[in-house]
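Trainee: To be precise about what I am sending: the file is called coords.pdb and holds PDB, C-alpha atoms.
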ATOM      1  CA  MET A   1     -13.568  14.510  21.014  1.00  0.00           C
ATOM      2  CA  TYR A   2     -11.057  12.108  19.467  1.00  0.00           C
ATOM      3  CA  ARG A   3      -9.690   9.563  21.878  1.00  0.00           C
ATOM      4  CA  VAL A   4      -8.307   6.092  22.357  1.00  0.00           C
ATOM      5  CA  THR A   5      -9.381   4.694  25.703  1.00  0.00           C
ATOM      6  CA  THR A   6      -9.409   1.570  27.821  1.00  0.00           C
ATOM      7  CA  GLU A   7     -12.809   2.537  29.256  1.00  0.00           C
ATOM      8  CA  PRO A   8     -16.120   1.063  28.020  1.00  0.00           C
ATOM      9  CA  LEU A   9     -17.788   3.146  25.313  1.00  0.00           C
ATOM     10  CA  SER A  10     -21.239   4.637  25.740  1.00  0.00           C
ATOM     11  CA  ALA A  11     -23.339   5.472  22.694  1.00  0.00           C
ATOM     12  CA  ASP A  12     -25.588   7.676  24.819  1.00  0.00           C
ATOM     13  CA  ALA A  13     -22.710   9.681  26.230  1.00  0.00           C
ATOM     14  CA  LEU A  14     -21.179  10.155  22.794  1.00  0.00           C
ATOM     15  CA  ALA A  15     -24.503  11.193  21.254  1.00  0.00           C
ATOM     16  CA  SER A  16     -24.966  13.725  24.040  1.00  0.00           C
ATOM     17  CA  ALA A  17     -21.464  15.050  23.458  1.00  0.00           C
ATOM     18  CA  VAL A  18     -22.263  16.031  19.859  1.00  0.00           C
ATOM     19  CA  THR A  19     -25.819  17.241  20.420  1.00  0.00           C
ATOM     20  CA  VAL A  20     -26.101  20.987  19.871  1.00  0.00           C
ATOM     21  CA  PRO A  21     -29.148  23.222  19.389  1.00  0.00           C
ATOM     22  CA  GLU A  22     -28.420  23.680  15.654  1.00  0.00           C
ATOM     23  CA  ALA A  23     -28.469  19.941  14.995  1.00  0.00           C
ATOM     24  CA  GLY A  24     -31.545  18.194  13.682  1.00  0.00           C
ATOM     25  CA  ALA A  25     -29.856  14.823  13.400  1.00  0.00           C
ATOM     26  CA  VAL A  26     -27.360  12.763  15.359  1.00  0.00           C
ATOM     27  CA  SER A  27     -25.949   9.662  13.690  1.00  0.00           C
ATOM     28  CA  VAL A  28     -24.154   7.135  15.887  1.00  0.00           C
ATOM     29  CA  PHE A  29     -22.113   4.154  14.762  1.00  0.00           C
ATOM     30  CA  LEU A  30     -21.013   1.442  17.171  1.00  0.00           C
ATOM     31  CA  GLY A  31     -18.643  -1.351  16.203  1.00  0.00           C
ATOM     32  CA  VAL A  32     -19.126  -4.312  18.502  1.00  0.00           C
ATOM     33  CA  VAL A  33     -17.294  -7.572  19.069  1.00  0.00           C
ATOM     34  CA  ARG A  34     -18.889 -10.401  17.127  1.00  0.00           C
ATOM     35  CA  ASP A  35     -18.882 -13.950  18.473  1.00  0.00           C
ATOM     36  CA  ASN A  36     -17.369 -15.592  15.418  1.00  0.00           C
ATOM     37  CA  THR A  37     -15.043 -15.151  12.483  1.00  0.00           C
ATOM     38  CA  ALA A  38     -16.239 -17.035   9.438  1.00  0.00           C
ATOM     39  CA  GLY A  39     -18.047 -19.429  11.764  1.00  0.00           C
ATOM     40  CA  ARG A  40     -15.133 -20.013  14.137  1.00  0.00           C
ATOM     41  CA  PRO A  41     -16.140 -19.055  17.683  1.00  0.00           C
ATOM     42  CA  VAL A  42     -14.361 -15.974  19.014  1.00  0.00           C
ATOM     43  CA  VAL A  43     -13.876 -15.647  22.778  1.00  0.00           C
ATOM     44  CA  ALA A  44     -12.684 -12.030  22.841  1.00  0.00           C
ATOM     45  CA  LEU A  45     -10.802  -9.412  20.878  1.00  0.00           C
ATOM     46  CA  GLU A  46      -7.712  -7.539  21.963  1.00  0.00           C
ATOM     47  CA  TYR A  47      -7.006  -4.117  20.496  1.00  0.00           C
ATOM     48  CA  GLU A  48      -3.664  -2.340  20.504  1.00  0.00           C
ATOM     49  CA  ALA A  49      -2.953   1.172  19.244  1.00  0.00           C
ATOM     50  CA  ASN A  50      -0.178   3.590  18.539  1.00  0.00           C
ATOM     51  CA  VAL A  51      -2.129   5.892  20.824  1.00  0.00           C
ATOM     52  CA  PRO A  52      -0.817   9.389  20.073  1.00  0.00           C
ATOM     53  CA  MET A  53      -0.793   8.742  16.349  1.00  0.00           C
ATOM     54  CA  ALA A  54      -4.225   7.104  16.432  1.00  0.00           C
ATOM     55  CA  GLU A  55      -5.713  10.098  18.226  1.00  0.00           C
ATOM     56  CA  ALA A  56      -4.089  12.453  15.710  1.00  0.00           C
ATOM     57  CA  LYS A  57      -5.521  10.419  12.827  1.00  0.00           C
ATOM     58  CA  LEU A  58      -8.991  10.399  14.396  1.00  0.00           C
ATOM     59  CA  LYS A  59      -8.798  14.179  14.626  1.00  0.00           C
ATOM     60  CA  GLU A  60      -7.741  14.408  10.966  1.00  0.00           C
ATOM     61  CA  ILE A  61     -10.778  12.353   9.978  1.00  0.00           C
ATOM     62  CA  GLY A  62     -13.007  14.685  11.967  1.00  0.00           C
ATOM     63  CA  GLU A  63     -11.491  17.692  10.218  1.00  0.00           C
ATOM     64  CA  ALA A  64     -12.013  16.048   6.832  1.00  0.00           C
ATOM     65  CA  VAL A  65     -15.658  15.432   7.754  1.00  0.00           C
ATOM     66  CA  HIS A  66     -16.156  19.108   8.534  1.00  0.00           C
ATOM     67  CA  GLN A  67     -14.601  20.063   5.200  1.00  0.00           C
ATOM     68  CA  ARG A  68     -16.715  17.680   3.157  1.00  0.00           C
ATOM     69  CA  TRP A  69     -19.995  18.344   4.930  1.00  0.00           C
ATOM     70  CA  PRO A  70     -20.167  21.955   6.063  1.00  0.00           C
ATOM     71  CA  GLY A  71     -23.544  21.252   7.667  1.00  0.00           C
ATOM     72  CA  VAL A  72     -21.938  18.870  10.159  1.00  0.00           C
ATOM     73  CA  GLN A  73     -21.927  20.411  13.607  1.00  0.00           C
ATOM     74  CA  GLN A  74     -19.918  18.113  15.841  1.00  0.00           C
ATOM     75  CA  VAL A  75     -17.925  14.913  15.414  1.00  0.00           C
ATOM     76  CA  ALA A  76     -16.767  12.547  18.141  1.00  0.00           C
ATOM     77  CA  MET A  77     -14.728   9.394  17.601  1.00  0.00           C
ATOM     78  CA  LEU A  78     -13.604   6.962  20.290  1.00  0.00           C
ATOM     79  CA  HIS A  79     -11.752   3.680  19.954  1.00  0.00           C
ATOM     80  CA  ARG A  80     -11.362   1.316  22.843  1.00  0.00           C
ATOM     81  CA  ILE A  81      -8.213  -0.772  23.344  1.00  0.00           C
ATOM     82  CA  GLY A  82      -7.423  -3.748  25.530  1.00  0.00           C
ATOM     83  CA  ARG A  83      -9.403  -6.962  25.832  1.00  0.00           C
ATOM     84  CA  LEU A  84     -13.064  -6.759  24.860  1.00  0.00           C
ATOM     85  CA  ALA A  85     -15.762  -9.361  25.397  1.00  0.00           C
ATOM     86  CA  ILE A  86     -18.437 -10.367  22.900  1.00  0.00           C
ATOM     87  CA  GLY A  87     -20.958  -7.579  22.416  1.00  0.00           C
ATOM     88  CA  GLU A  88     -18.758  -4.815  23.785  1.00  0.00           C
ATOM     89  CA  ALA A  89     -18.193  -1.759  21.611  1.00  0.00           C
ATOM     90  CA  SER A  90     -14.706  -1.297  20.190  1.00  0.00           C
ATOM     91  CA  VAL A  91     -15.426   1.882  18.295  1.00  0.00           C
ATOM     92  CA  ALA A  92     -18.018   4.628  18.643  1.00  0.00           C
ATOM     93  CA  ILE A  93     -18.604   7.513  16.278  1.00  0.00           C
ATOM     94  CA  ALA A  94     -21.207  10.252  16.621  1.00  0.00           C
ATOM     95  CA  VAL A  95     -21.935  13.039  14.155  1.00  0.00           C
ATOM     96  CA  SER A  96     -24.440  15.821  14.524  1.00  0.00           C
ATOM     97  CA  ALA A  97     -25.693  17.869  11.602  1.00  0.00           C
ATOM     98  CA  ALA A  98     -28.509  20.156  10.643  1.00  0.00           C
ATOM     99  CA  HIS A  99     -30.083  17.383   8.569  1.00  0.00           C
ATOM    100  CA  ARG A 100     -30.047  13.582   8.643  1.00  0.00           C
ATOM    101  CA  ARG A 101     -28.419  12.940   5.279  1.00  0.00           C
ATOM    102  CA  GLU A 102     -25.195  14.736   6.174  1.00  0.00           C
ATOM    103  CA  ALA A 103     -25.064  13.091   9.583  1.00  0.00           C
ATOM    104  CA  ILE A 104     -25.452   9.591   8.149  1.00  0.00           C
ATOM    105  CA  LEU A 105     -23.047  10.077   5.241  1.00  0.00           C
ATOM    106  CA  ALA A 106     -20.429  11.650   7.471  1.00  0.00           C
ATOM    107  CA  CYS A 107     -20.681   8.841  10.021  1.00  0.00           C
ATOM    108  CA  HIS A 108     -20.266   6.248   7.271  1.00  0.00           C
ATOM    109  CA  TYR A 109     -17.274   8.097   5.860  1.00  0.00           C
ATOM    110  CA  ALA A 110     -15.667   8.377   9.287  1.00  0.00           C
ATOM    111  CA  ILE A 111     -15.782   4.642  10.072  1.00  0.00           C
ATOM    112  CA  ASP A 112     -14.479   3.741   6.613  1.00  0.00           C
ATOM    113  CA  ARG A 113     -11.567   6.144   6.957  1.00  0.00           C
ATOM    114  CA  LEU A 114     -10.867   4.946  10.483  1.00  0.00           C
ATOM    115  CA  LYS A 115     -10.389   1.409   9.263  1.00  0.00           C
ATOM    116  CA  GLU A 116      -7.978   2.570   6.573  1.00  0.00           C
ATOM    117  CA  THR A 117      -5.749   5.045   8.359  1.00  0.00           C
ATOM    118  CA  VAL A 118      -5.871   4.785  12.141  1.00  0.00           C
ATOM    119  CA  PRO A 119      -3.007   2.714  13.585  1.00  0.00           C
ATOM    120  CA  ILE A 120      -4.955   0.199  15.627  1.00  0.00           C
ATOM    121  CA  TRP A 121      -4.608  -3.562  15.454  1.00  0.00           C
ATOM    122  CA  LYS A 122      -6.738  -6.365  16.758  1.00  0.00           C
ATOM    123  CA  ARG A 123      -6.072  -9.898  17.786  1.00  0.00           C
ATOM    124  CA  GLU A 124      -8.784 -12.498  17.767  1.00  0.00           C
ATOM    125  CA  ILE A 125      -8.802 -14.758  20.790  1.00  0.00           C
ATOM    126  CA  PHE A 126     -10.143 -18.226  20.037  1.00  0.00           C
ATOM    127  CA  GLU A 127     -10.584 -21.070  22.484  1.00  0.00           C
ATOM    128  CA  ASP A 128      -7.390 -22.657  21.204  1.00  0.00           C
ATOM    129  CA  GLY A 129      -5.198 -19.701  20.392  1.00  0.00           C
ATOM    130  CA  ALA A 130      -4.991 -16.155  19.105  1.00  0.00           C
ATOM    131  CA  VAL A 131      -4.201 -14.511  15.784  1.00  0.00           C
ATOM    132  CA  TRP A 132      -3.474 -10.960  14.735  1.00  0.00           C
ATOM    133  CA  VAL A 133      -6.065  -9.850  12.222  1.00  0.00           C
ATOM    134  CA  GLY A 134      -4.919  -8.635   8.862  1.00  0.00           C
ATOM    135  CA  LEU A 135      -3.138 -10.902   6.479  1.00  0.00           C
ATOM    136  CA  GLN A 136       0.058  -9.286   5.394  1.00  0.00           C
ATOM    137  CA  GLY A 137      -0.682  -7.422   2.220  1.00  0.00           C
ATOM    138  CA  GLU A 138      -4.423  -7.181   2.455  1.00  0.00           C
ATOM    139  CA  SER A 139      -4.462  -3.431   2.795  1.00  0.00           C
ATOM    140  CA  PRO A 140      -2.424  -0.867   0.886  1.00  0.00           C
ATOM    141  CA  PRO A 141      -0.454   1.760   2.767  1.00  0.00           C
ATOM    142  CA  PRO A 142      -2.694   4.653   3.827  1.00  0.00           C
ATOM    143  CA  ARG A 143      -2.058   8.077   2.382  1.00  0.00           C
TER
ATOM    144  CA  MET S   1      23.385   8.099  15.521  1.00  0.00           C
ATOM    145  CA  LYS S   2      21.032   6.121  17.738  1.00  0.00           C
ATOM    146  CA  VAL S   3      17.448   5.861  16.553  1.00  0.00           C
ATOM    147  CA  GLY S   4      14.559   4.603  18.686  1.00  0.00           C
ATOM    148  CA  VAL S   5      12.166   2.253  16.939  1.00  0.00           C
ATOM    149  CA  CYS S   6       8.681   1.541  18.251  1.00  0.00           C
ATOM    150  CA  LEU S   7       7.074  -1.756  17.356  1.00  0.00           C
ATOM    151  CA  PHE S   8       3.404  -2.637  17.466  1.00  0.00           C
ATOM    152  CA  ALA S   9       1.108  -5.635  17.241  1.00  0.00           C
ATOM    153  CA  ARG S  10       2.725  -8.732  15.738  1.00  0.00           C
ATOM    154  CA  TYR S  11       6.024  -6.915  15.366  1.00  0.00           C
ATOM    155  CA  ARG S  12       6.128  -6.139  19.071  1.00  0.00           C
ATOM    156  CA  GLU S  13       5.203  -9.705  19.872  1.00  0.00           C
ATOM    157  CA  ALA S  14       7.750 -11.197  17.487  1.00  0.00           C
ATOM    158  CA  VAL S  15      10.601  -9.176  18.992  1.00  0.00           C
ATOM    159  CA  GLY S  16       9.302  -9.363  22.562  1.00  0.00           C
ATOM    160  CA  ARG S  17       9.731  -5.604  23.111  1.00  0.00           C
ATOM    161  CA  ASP S  18       7.799  -2.512  22.129  1.00  0.00           C
ATOM    162  CA  ARG S  19      10.883  -0.377  21.586  1.00  0.00           C
ATOM    163  CA  VAL S  20      14.406  -1.043  20.389  1.00  0.00           C
ATOM    164  CA  GLU S  21      17.328   1.187  19.476  1.00  0.00           C
ATOM    165  CA  VAL S  22      19.544   0.868  16.445  1.00  0.00           C
ATOM    166  CA  GLU S  23      22.729   2.595  15.358  1.00  0.00           C
ATOM    167  CA  VAL S  24      22.660   4.092  11.858  1.00  0.00           C
ATOM    168  CA  PRO S  25      24.824   6.646  10.039  1.00  0.00           C
ATOM    169  CA  GLU S  26      23.836  10.318   9.918  1.00  0.00           C
ATOM    170  CA  GLY S  27      21.533  10.852   6.973  1.00  0.00           C
ATOM    171  CA  ALA S  28      20.076   7.368   7.241  1.00  0.00           C
ATOM    172  CA  THR S  29      16.604   6.785   5.842  1.00  0.00           C
ATOM    173  CA  VAL S  30      13.663   4.896   7.277  1.00  0.00           C
ATOM    174  CA  GLU S  31      14.698   1.972   5.068  1.00  0.00           C
ATOM    175  CA  ASP S  32      18.171   2.004   6.637  1.00  0.00           C
ATOM    176  CA  VAL S  33      16.582   1.958  10.077  1.00  0.00           C
ATOM    177  CA  TRP S  34      14.374  -0.965   9.075  1.00  0.00           C
ATOM    178  CA  SER S  35      17.424  -2.832   7.739  1.00  0.00           C
ATOM    179  CA  ALA S  36      19.170  -2.347  11.055  1.00  0.00           C
ATOM    180  CA  VAL S  37      16.142  -3.494  13.041  1.00  0.00           C
ATOM    181  CA  SER S  38      15.429  -6.521  10.892  1.00  0.00           C
ATOM    182  CA  GLY S  39      19.128  -7.337  10.883  1.00  0.00           C
ATOM    183  CA  ALA S  40      19.114  -7.437  14.668  1.00  0.00           C
ATOM    184  CA  HIS S  41      15.728  -9.194  14.731  1.00  0.00           C
ATOM    185  CA  PRO S  42      15.526 -11.397  11.637  1.00  0.00           C
ATOM    186  CA  VAL S  43      12.061 -12.559  12.663  1.00  0.00           C
ATOM    187  CA  LEU S  44      10.820  -9.250  11.265  1.00  0.00           C
ATOM    188  CA  ALA S  45      12.434  -9.505   7.846  1.00  0.00           C
ATOM    189  CA  ARG S  46       9.559 -11.304   6.149  1.00  0.00           C
ATOM    190  CA  TYR S  47       7.133  -8.538   7.075  1.00  0.00           C
ATOM    191  CA  ARG S  48       8.929  -5.818   5.105  1.00  0.00           C
ATOM    192  CA  PRO S  49       6.718  -5.767   1.947  1.00  0.00           C
ATOM    193  CA  HIS S  50       3.665  -4.610   3.879  1.00  0.00           C
ATOM    194  CA  THR S  51       5.230  -2.710   6.733  1.00  0.00           C
ATOM    195  CA  LEU S  52       3.985   0.796   7.436  1.00  0.00           C
ATOM    196  CA  PHE S  53       6.296   3.452   8.848  1.00  0.00           C
ATOM    197  CA  ALA S  54       5.538   6.554  10.836  1.00  0.00           C
ATOM    198  CA  VAL S  55       7.565   9.387  12.295  1.00  0.00           C
ATOM    199  CA  GLY S  56       5.767  11.434  14.888  1.00  0.00           C
ATOM    200  CA  ASN S  57       2.092  11.097  14.028  1.00  0.00           C
ATOM    201  CA  GLU S  58       2.554  10.880  10.266  1.00  0.00           C
ATOM    202  CA  TYR S  59       2.948   8.010   7.863  1.00  0.00           C
ATOM    203  CA  VAL S  60       6.241   8.306   5.995  1.00  0.00           C
ATOM    204  CA  GLY S  61       7.841   6.582   3.042  1.00  0.00           C
ATOM    205  CA  ALA S  62      10.854   4.317   3.396  1.00  0.00           C
ATOM    206  CA  ASP S  63      13.054   6.889   1.648  1.00  0.00           C
ATOM    207  CA  ARG S  64      12.492   9.585   4.251  1.00  0.00           C
ATOM    208  CA  PRO S  65      15.713  10.727   5.942  1.00  0.00           C
ATOM    209  CA  ILE S  66      15.766  10.501   9.723  1.00  0.00           C
ATOM    210  CA  ARG S  67      16.947  13.457  11.740  1.00  0.00           C
ATOM    211  CA  PRO S  68      18.746  12.997  15.056  1.00  0.00           C
ATOM    212  CA  GLY S  69      16.270  12.540  17.886  1.00  0.00           C
ATOM    213  CA  GLU S  70      13.436  11.234  15.740  1.00  0.00           C
ATOM    214  CA  GLU S  71      11.799   7.909  16.455  1.00  0.00           C
ATOM    215  CA  VAL S  72      10.458   5.541  13.833  1.00  0.00           C
ATOM    216  CA  ALA S  73       7.333   3.443  14.334  1.00  0.00           C
ATOM    217  CA  CYS S  74       7.046   0.199  12.387  1.00  0.00           C
ATOM    218  CA  PHE S  75       3.825  -1.728  12.151  1.00  0.00           C
ATOM    219  CA  PRO S  76       1.609  -3.984  10.046  1.00  0.00           C
ATOM    220  CA  PRO S  77      -1.464  -2.896   8.080  1.00  0.00           C
ATOM    221  CA  VAL S  78      -4.077  -1.521  10.426  1.00  0.00           C
ATOM    222  CA  SER S  79      -7.116  -3.516  11.547  1.00  0.00           C
ATOM    223  CA  GLY S  80      -9.112  -1.315  13.895  1.00  0.00           C
ATOM    224  CA  GLY S  81     -12.832  -0.804  13.827  1.00  0.00           C
ATOM    225  CA  ARG S  82     -15.793  -3.028  14.053  1.00  0.00           C
ATOM    226  CA  GLY S  83     -16.536  -6.659  14.571  1.00  0.00           C
ATOM    227  CA  ALA S  84     -14.421  -9.749  14.594  1.00  0.00           C
ATOM    228  CA  CYS S  85     -13.647  -9.790  10.899  1.00  0.00           C
ATOM    229  CA  THR S  86     -11.720  -7.538   8.570  1.00  0.00           C
ATOM    230  CA  ALA S  87     -14.544  -7.360   6.050  1.00  0.00           C
TER
END
I'd like the structure from this file rewritten - as structure tokens, please.
Mentor:
Amino acid sequence: MYRVTTEPLSADALASAVTVPEAGAVSVFLGVVRDNTAGRPVVALEYEANVPMAEAKLKEIGEAVHQRWPGVQQVAMLHRIGRLAIGEASVAIAVSAAHRREAILACHYAIDRLKETVPIWKREIFEDGAVWVGLQGESPPPR
Amino acid sequence: MKVGVCLFARYREAVGRDRVEVEVPEGATVEDVWSAVSGAHPVLARYRPHTLFAVGNEYVGADRPIRPGEEVACFPPVSGGRGACTA
């Protein structure tokens, strides 16, 4: 399951989606909206995506996970877009594997890759304005 | 030929539209398309050094030739994922 959605994300639902009889471990990562950026209060975050491309890139990450960790059973990656309030999840990743180490490593890999290659952008909403995150030039072009 | 160009995030906001069309010669590259877009919308010009390009669902280099009917997506470095900070 690799999707970009406007619906709230559920860690429980995603964990259930990857749970299979062969799995002895399910690792779940949730990215949630923090209430400040470097101490400056954040009111909300807005996410925007190139949706078809983002979903294709999520799927590619999942395929790379399966290649690197053959013991991984299932991978699910969801990213929410639109306006999110403090504490809401923007991204949810779940990985099931026979053993915990693979599940945890694969989950870590997946979120790191997501942040590098998936065309999604966020805007921080402050009380007195909004800014797109990502200084020009801070990240190299993905491969 | 006419080429559709999709804009995202601050690029979309700067231009005020999420899609524009430009006229470029047959055999034009992504760079030629960008030149046409930033020529028509000079507000974008300063973003060029860090702009990412995609055709279909794939990142492409600026030297990639565009075939008739293809659309080019132009956007800034990505910033999805967790939290309220890029770290």
Trainee: Report as a CSV table (one decimal) with C-alpha atoms, in the coordinates of the input the residues that result from applying the PyMOL selection byres ((chain A) within 7 of (chain S)) to the structure here.
Mentor:
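The resulting file, selection27.csv, is reproduced below:
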chain,number,residue,atom,x,y,z
A,31,GLY,CA,-18.6,-1.4,16.2
A,32,VAL,CA,-19.1,-4.3,18.5
A,33,VAL,CA,-17.3,-7.6,19.1
A,34,ARG,CA,-18.9,-10.4,17.1
A,36,ASN,CA,-17.4,-15.6,15.4
A,37,THR,CA,-15.0,-15.2,12.5
A,48,GLU,CA,-3.7,-2.3,20.5
A,52,PRO,CA,-0.8,9.4,20.1
A,53,MET,CA,-0.8,8.7,16.3
A,56,ALA,CA,-4.1,12.5,15.7
A,90,SER,CA,-14.7,-1.3,20.2
A,91,VAL,CA,-15.4,1.9,18.3
A,114,LEU,CA,-10.9,4.9,10.5
A,115,LYS,CA,-10.4,1.4,9.3
A,116,GLU,CA,-8.0,2.6,6.6
A,118,VAL,CA,-5.9,4.8,12.1
A,119,PRO,CA,-3.0,2.7,13.6
A,120,ILE,CA,-5.0,0.2,15.6
A,121,TRP,CA,-4.6,-3.6,15.5
A,122,LYS,CA,-6.7,-6.4,16.8
A,132,TRP,CA,-3.5,-11.0,14.7
A,133,VAL,CA,-6.1,-9.8,12.2
A,134,GLY,CA,-4.9,-8.6,8.9
A,136,GLN,CA,0.1,-9.3,5.4
A,137,GLY,CA,-0.7,-7.4,2.2
A,139,SER,CA,-4.5,-3.4,2.8
A,141,PRO,CA,-0.5,1.8,2.8
Trainee: Just checking: using all atoms listed in the file, which residue out of S:Ala45, S:Ala62, S:Ala14, S:Ala40 ends up closest to Ala28 in chain S?
Mentor: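 Closest candidate: S:Ala62.
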Trainee: When you look at Gly4 in chain S with a cut-off of 12 Å (counting all atoms listed in the file), what residues show up, excluding the ones that are within fewer than 3 positions of it in the same chain? I need them as a compact mmCIF listing (two decimals) with C-alpha atoms, in the frame of the given file.
Mentor:
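Printed below is selection38.txt as written:
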# COMPACT_ATOMS: atom_id res chain seq x y z
CA MET S 1 23.38 8.10 15.52
CA LEU S 7 7.07 -1.76 17.36
CA ASP S 18 7.80 -2.51 22.13
CA ARG S 19 10.88 -0.38 21.59
CA VAL S 20 14.41 -1.04 20.39
CA GLU S 21 17.33 1.19 19.48
CA VAL S 22 19.54 0.87 16.44
CA GLU S 23 22.73 2.60 15.36
CA VAL S 24 22.66 4.09 11.86
CA VAL S 30 13.66 4.90 7.28
CA VAL S 33 16.58 1.96 10.08
CA TRP S 34 14.37 -0.96 9.07
CA ALA S 36 19.17 -2.35 11.06
CA VAL S 37 16.14 -3.49 13.04
CA VAL S 55 7.56 9.39 12.30
CA GLY S 56 5.77 11.43 14.89
CA ILE S 66 15.77 10.50 9.72
CA ARG S 67 16.95 13.46 11.74
CA PRO S 68 18.75 13.00 15.06
CA GLY S 69 16.27 12.54 17.89
CA GLU S 70 13.44 11.23 15.74
CA GLU S 71 11.80 7.91 16.45
CA VAL S 72 10.46 5.54 13.83
CA ALA S 73 7.33 3.44 14.33
CA CYS S 74 7.05 0.20 12.39
Trainee: Any chance you could resolve the PyMOL selection byres ((chain A and resi 55) around 10) against this file and give the residues as a list in words?
Mentor: Met1, Tyr2, Arg3, Val4, Thr5, Ala49, Asn50, Val51, Pro52, Met53, Ala54, Ala56, Lys57, Leu58, Lys59, Glu60, Ile61, Met77, Leu78, His79, Val118 and Pro119 of chain A; Asn57 of chain S
Trainee: Go ahead and save the residues from that selection, with C-alpha atoms, as a PDB file, in the frame of the given file.
Mentor:
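Saved result, result.pdb, follows:
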ATOM      1  CA  MET A   1     -13.568  14.510  21.014  1.00  0.00           C
ATOM      2  CA  TYR A   2     -11.057  12.108  19.467  1.00  0.00           C
ATOM      3  CA  ARG A   3      -9.690   9.563  21.878  1.00  0.00           C
ATOM      4  CA  VAL A   4      -8.307   6.092  22.357  1.00  0.00           C
ATOM      5  CA  THR A   5      -9.381   4.694  25.703  1.00  0.00           C
ATOM      6  CA  ALA A  49      -2.953   1.172  19.244  1.00  0.00           C
ATOM      7  CA  ASN A  50      -0.178   3.590  18.539  1.00  0.00           C
ATOM      8  CA  VAL A  51      -2.129   5.892  20.824  1.00  0.00           C
ATOM      9  CA  PRO A  52      -0.817   9.389  20.073  1.00  0.00           C
ATOM     10  CA  MET A  53      -0.793   8.742  16.349  1.00  0.00           C
ATOM     11  CA  ALA A  54      -4.225   7.104  16.432  1.00  0.00           C
ATOM     12  CA  ALA A  56      -4.089  12.453  15.710  1.00  0.00           C
ATOM     13  CA  LYS A  57      -5.521  10.419  12.827  1.00  0.00           C
ATOM     14  CA  LEU A  58      -8.991  10.399  14.396  1.00  0.00           C
ATOM     15  CA  LYS A  59      -8.798  14.179  14.626  1.00  0.00           C
ATOM     16  CA  GLU A  60      -7.741  14.408  10.966  1.00  0.00           C
ATOM     17  CA  ILE A  61     -10.778  12.353   9.978  1.00  0.00           C
ATOM     18  CA  MET A  77     -14.728   9.394  17.601  1.00  0.00           C
ATOM     19  CA  LEU A  78     -13.604   6.962  20.290  1.00  0.00           C
ATOM     20  CA  HIS A  79     -11.752   3.680  19.954  1.00  0.00           C
ATOM     21  CA  VAL A 118      -5.871   4.785  12.141  1.00  0.00           C
ATOM     22  CA  PRO A 119      -3.007   2.714  13.585  1.00  0.00           C
TER      23      PRO A 119
ATOM     24  CA  ASN S  57       2.092  11.097  14.028  1.00  0.00           C
TER      25      ASN S  57
END
Trainee: Would you compute, for all listed atoms of range 39-52 of chain S, the axis-aligned bounding box grown by 4 Å on each side, and then report its centre and edge lengths in Å rounded to one decimal, as AutoDock Vina command-line options?
Mentor:
--center_x 11.4 --center_y -5.9 --center_z 8.3 --size_x 23.5 --size_y 21.4 --size_z 20.8
Trainee: I'd like the residues picked by the PyMOL selection byres ((chain A and resi 40) around 12) written out as a PyMOL selection string, using the chain letters and numbers from the file.
Mentor: (chain A and resi 34-39+41-43+124-130) or (chain S and resi 84-85)
Trainee: Interatomic distance between CA of Leu84 in chain A and CA of Ser27 in chain A?
Mentor: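 Taking CA of Leu84 in chain A and CA of Ser27 in chain A, their separation equals 23.7 Å.
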Trainee: In the coordinates of the file, take the point (-21.4, -1.4, 23.0) and a cut-off of 8 Å; then, counting all atoms listed in the file, name each qualifying protein, DNA or RNA residue as a ChimeraX atom specification.
Mentor: /A:8-11,30-32,87-90
Trainee: CA of Ala23 in chain A and CA of Glu7 in chain A are how many Å apart?
Mentor: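 It comes out at 27.4 Å.
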Trainee: Using Å and a single decimal, report how far CA of Arg100 in chain A sits from CA of Trp69 in chain A.
Mentor: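 Between these atoms lies a distance of 11.7 Å.
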Trainee: His108 in chain A: which residues within 12 Å, counting all atoms listed in the file, same-chain residues fewer than 3 positions away excluded, as a PyMOL selection string?
Mentor: chain A and resi 27-31+61+65+92-95+101-105+111-115
Trainee: Select, from A:Glu46, A:His66, A:Arg123, A:Ala110, the residue with the minimum atom-to-atom distance to Ala85 in chain A, counting all atoms listed in the file.
Mentor: A:Glu46
